[in-house]
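Structure file input.txt; described as compact mmCIF, C-alpha atoms and all ligand atoms.
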# COMPACT_ATOMS: atom_id res chain seq x y z
CA MET A 30 -29.91 -41.60 -32.79
CA LYS A 31 -31.24 -41.69 -29.24
CA TYR A 32 -27.68 -41.98 -27.91
CA ASP A 33 -26.49 -38.95 -29.91
CA THR A 34 -29.28 -36.82 -28.49
CA SER A 35 -28.37 -37.60 -24.89
CA VAL A 36 -24.72 -36.79 -25.58
CA LEU A 37 -25.83 -33.40 -26.91
CA ILE A 38 -27.95 -32.81 -23.81
CA VAL A 39 -25.04 -33.68 -21.51
CA PHE A 40 -22.78 -31.36 -23.46
CA ALA A 41 -25.39 -28.58 -23.31
CA LEU A 42 -25.75 -28.97 -19.54
CA PHE A 43 -21.97 -28.95 -19.15
CA THR A 44 -21.71 -25.72 -21.13
CA LEU A 45 -24.48 -24.03 -19.16
CA THR A 46 -23.29 -25.02 -15.69
CA VAL A 47 -19.50 -25.51 -15.64
CA LEU A 48 -18.40 -22.78 -18.04
CA PRO A 49 -20.36 -19.86 -16.53
CA ALA A 50 -19.07 -20.91 -13.08
CA SER A 51 -15.44 -20.65 -14.16
CA ALA A 52 -16.14 -17.28 -15.79
CA ASP A 53 -17.45 -16.07 -12.41
CA ASP A 54 -14.22 -17.18 -10.72
CA LYS A 55 -12.20 -15.08 -13.14
CA ARG A 56 -14.31 -12.00 -12.42
CA MET A 57 -13.81 -12.47 -8.67
CA ASP A 58 -10.01 -12.49 -9.06
CA MET A 59 -9.90 -8.94 -10.37
CA PRO A 60 -10.89 -6.97 -7.23
CA MET A 61 -8.62 -9.22 -5.15
CA ASP A 62 -5.66 -8.25 -7.32
CA GLY A 63 -6.56 -4.58 -6.81
CA LYS A 64 -6.14 -4.87 -3.03
CA ILE A 65 -2.41 -5.61 -3.39
CA ILE A 66 -1.82 -1.90 -4.13
CA THR A 67 -0.24 -0.35 -1.02
CA GLU A 68 -1.96 2.68 0.46
CA VAL A 69 0.40 5.65 0.76
CA HIS A 70 0.14 8.90 2.70
CA GLN A 71 1.96 12.15 1.99
CA GLY A 72 3.37 14.35 4.73
CA LYS A 73 5.45 17.51 5.05
CA GLY A 74 7.53 18.67 7.98
CA THR A 75 10.85 19.71 9.47
CA ILE A 76 13.52 17.32 10.72
CA ASN A 77 14.44 17.81 14.39
CA SER A 78 16.97 15.00 14.64
CA VAL A 79 18.36 12.04 12.70
CA ASN A 80 19.37 8.79 14.39
CA VAL A 81 21.27 6.88 11.71
CA LYS A 82 22.05 3.93 13.99
CA ALA A 83 18.43 3.36 15.01
CA GLY A 84 17.08 4.24 11.56
CA LYS A 85 14.82 6.89 13.06
CA LEU A 86 13.93 10.48 12.30
CA ASN A 87 12.22 12.96 14.59
CA ILE A 88 9.98 15.20 12.51
CA THR A 89 7.54 18.00 13.32
CA HIS A 90 4.95 17.39 10.62
CA GLY A 91 1.82 19.15 9.48
CA PRO A 92 -1.62 17.52 9.42
CA ILE A 93 -1.92 14.36 7.30
CA ALA A 94 -5.57 14.31 6.25
CA SER A 95 -5.52 10.83 4.69
CA LEU A 96 -4.53 9.38 8.09
CA ASP A 97 -6.71 11.81 10.07
CA TRP A 98 -3.55 12.94 11.92
CA PRO A 99 -3.15 16.46 13.29
CA GLY A 100 0.23 18.18 13.08
CA MET A 101 2.67 16.87 15.71
CA THR A 102 6.27 16.07 16.61
CA MET A 103 7.11 12.38 16.51
CA ASP A 104 9.68 9.69 15.71
CA PHE A 105 9.46 7.83 12.43
CA ASP A 106 11.19 4.66 11.34
CA ILE A 107 12.55 4.73 7.82
CA GLN A 108 12.30 1.73 5.50
CA ASP A 109 15.69 2.26 3.87
CA LYS A 110 18.21 3.50 6.47
CA THR A 111 20.73 4.51 3.77
CA LYS A 112 18.39 7.43 2.95
CA LEU A 113 19.32 8.99 6.33
CA ALA A 114 22.89 9.74 5.22
CA LYS A 115 21.96 12.97 3.43
CA LEU A 116 19.37 14.16 5.96
CA LYS A 117 20.00 16.48 8.88
CA ALA A 118 18.22 18.57 11.50
CA GLY A 119 16.55 21.73 10.23
CA GLN A 120 15.76 20.43 6.74
CA LYS A 121 12.24 20.74 5.45
CA VAL A 122 11.07 17.47 3.95
CA ALA A 123 8.21 15.88 2.04
CA PHE A 124 7.73 12.21 2.84
CA THR A 125 5.62 9.20 2.01
CA LEU A 126 4.29 6.86 4.69
CA ILE A 127 3.25 3.26 4.23
CA GLU A 128 1.63 1.01 6.83
CA ALA A 129 4.38 -1.50 7.68
CA SER A 130 2.13 -3.38 10.10
CA LYS A 131 -1.28 -2.68 11.63
CA GLY A 132 -1.27 0.99 12.70
CA LYS A 133 2.51 1.28 12.32
CA TYR A 134 3.60 3.76 9.64
CA VAL A 135 7.13 4.01 8.27
CA ILE A 136 8.73 6.43 5.83
CA SER A 137 9.17 4.81 2.44
CA GLU A 138 10.28 7.93 0.55
CA ILE A 139 11.67 11.25 1.76
CA THR A 140 12.97 14.29 -0.12
CA VAL A 141 14.33 17.64 1.00
CA VAL A 142 12.15 20.56 -0.09
CA LYS A 143 12.68 24.32 0.01
CU CU A 201 2.52 12.26 13.74
Mind turning the file's structure into structure tokens?
Amino acid sequence: MKYDTSVLIVFALFTLTVLPASADDKRMDMPMDGKIITEVHQGKGTINSVNVKAGKLNITHGPIASLDWPGMTMDFDIQDKTKLAKLKAGQKVAFTLIEASKGKYVISEITVVK
């Protein structure tokens, strides 16, 4: 009888200490998964030039509030160079930027708008 009681106590301690700890680990995984979502920024502008070979576009774009950027004229790298084939100077475009590396933004999506 004495032996059975101590087994119950050990089991009770195990349940109270080990199981809640593993439940905490599971809760901590959830916000970490959320951080995998890539931050995107939307811009609008006019194409000045297209360099298919270099995979670059020169665009005069309006302010991009989510990046705290004013409007300016600048070169952009494009993630998928094949998207440059149907783009040309003078087109108005809407584009999506993603941060390819620290502080370096590239165009991930681009569409011609009216
Ligand atoms: Cu800019």
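CA of Glu138 in chain A sits 12.3 Å away from CA of Leu116 in chain A.
One finds CA of Glu68 in chain A at 25.9 Å from CA of Gln120 in chain A.
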Of the candidates A:His90, A:Lys73, A:Lys115, A:Lys85, which one gets nearest to ligand CU 201 (chain A) if we count only C-alpha atoms and all ligand atoms? A:His90
Can you work out which residues are within 8 Å of ligand CU 201 (chain A), considering all atoms listed in the file, and then hand them over as a list in words? Thr89, His90, Pro92, Trp98, Pro99, Gly100, Met101, Thr102, Met103 and Asp104 of chain A
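Of note, CA of Tyr134 in chain A and CA of Thr67 in chain A are spaced 12.1 Å apart.
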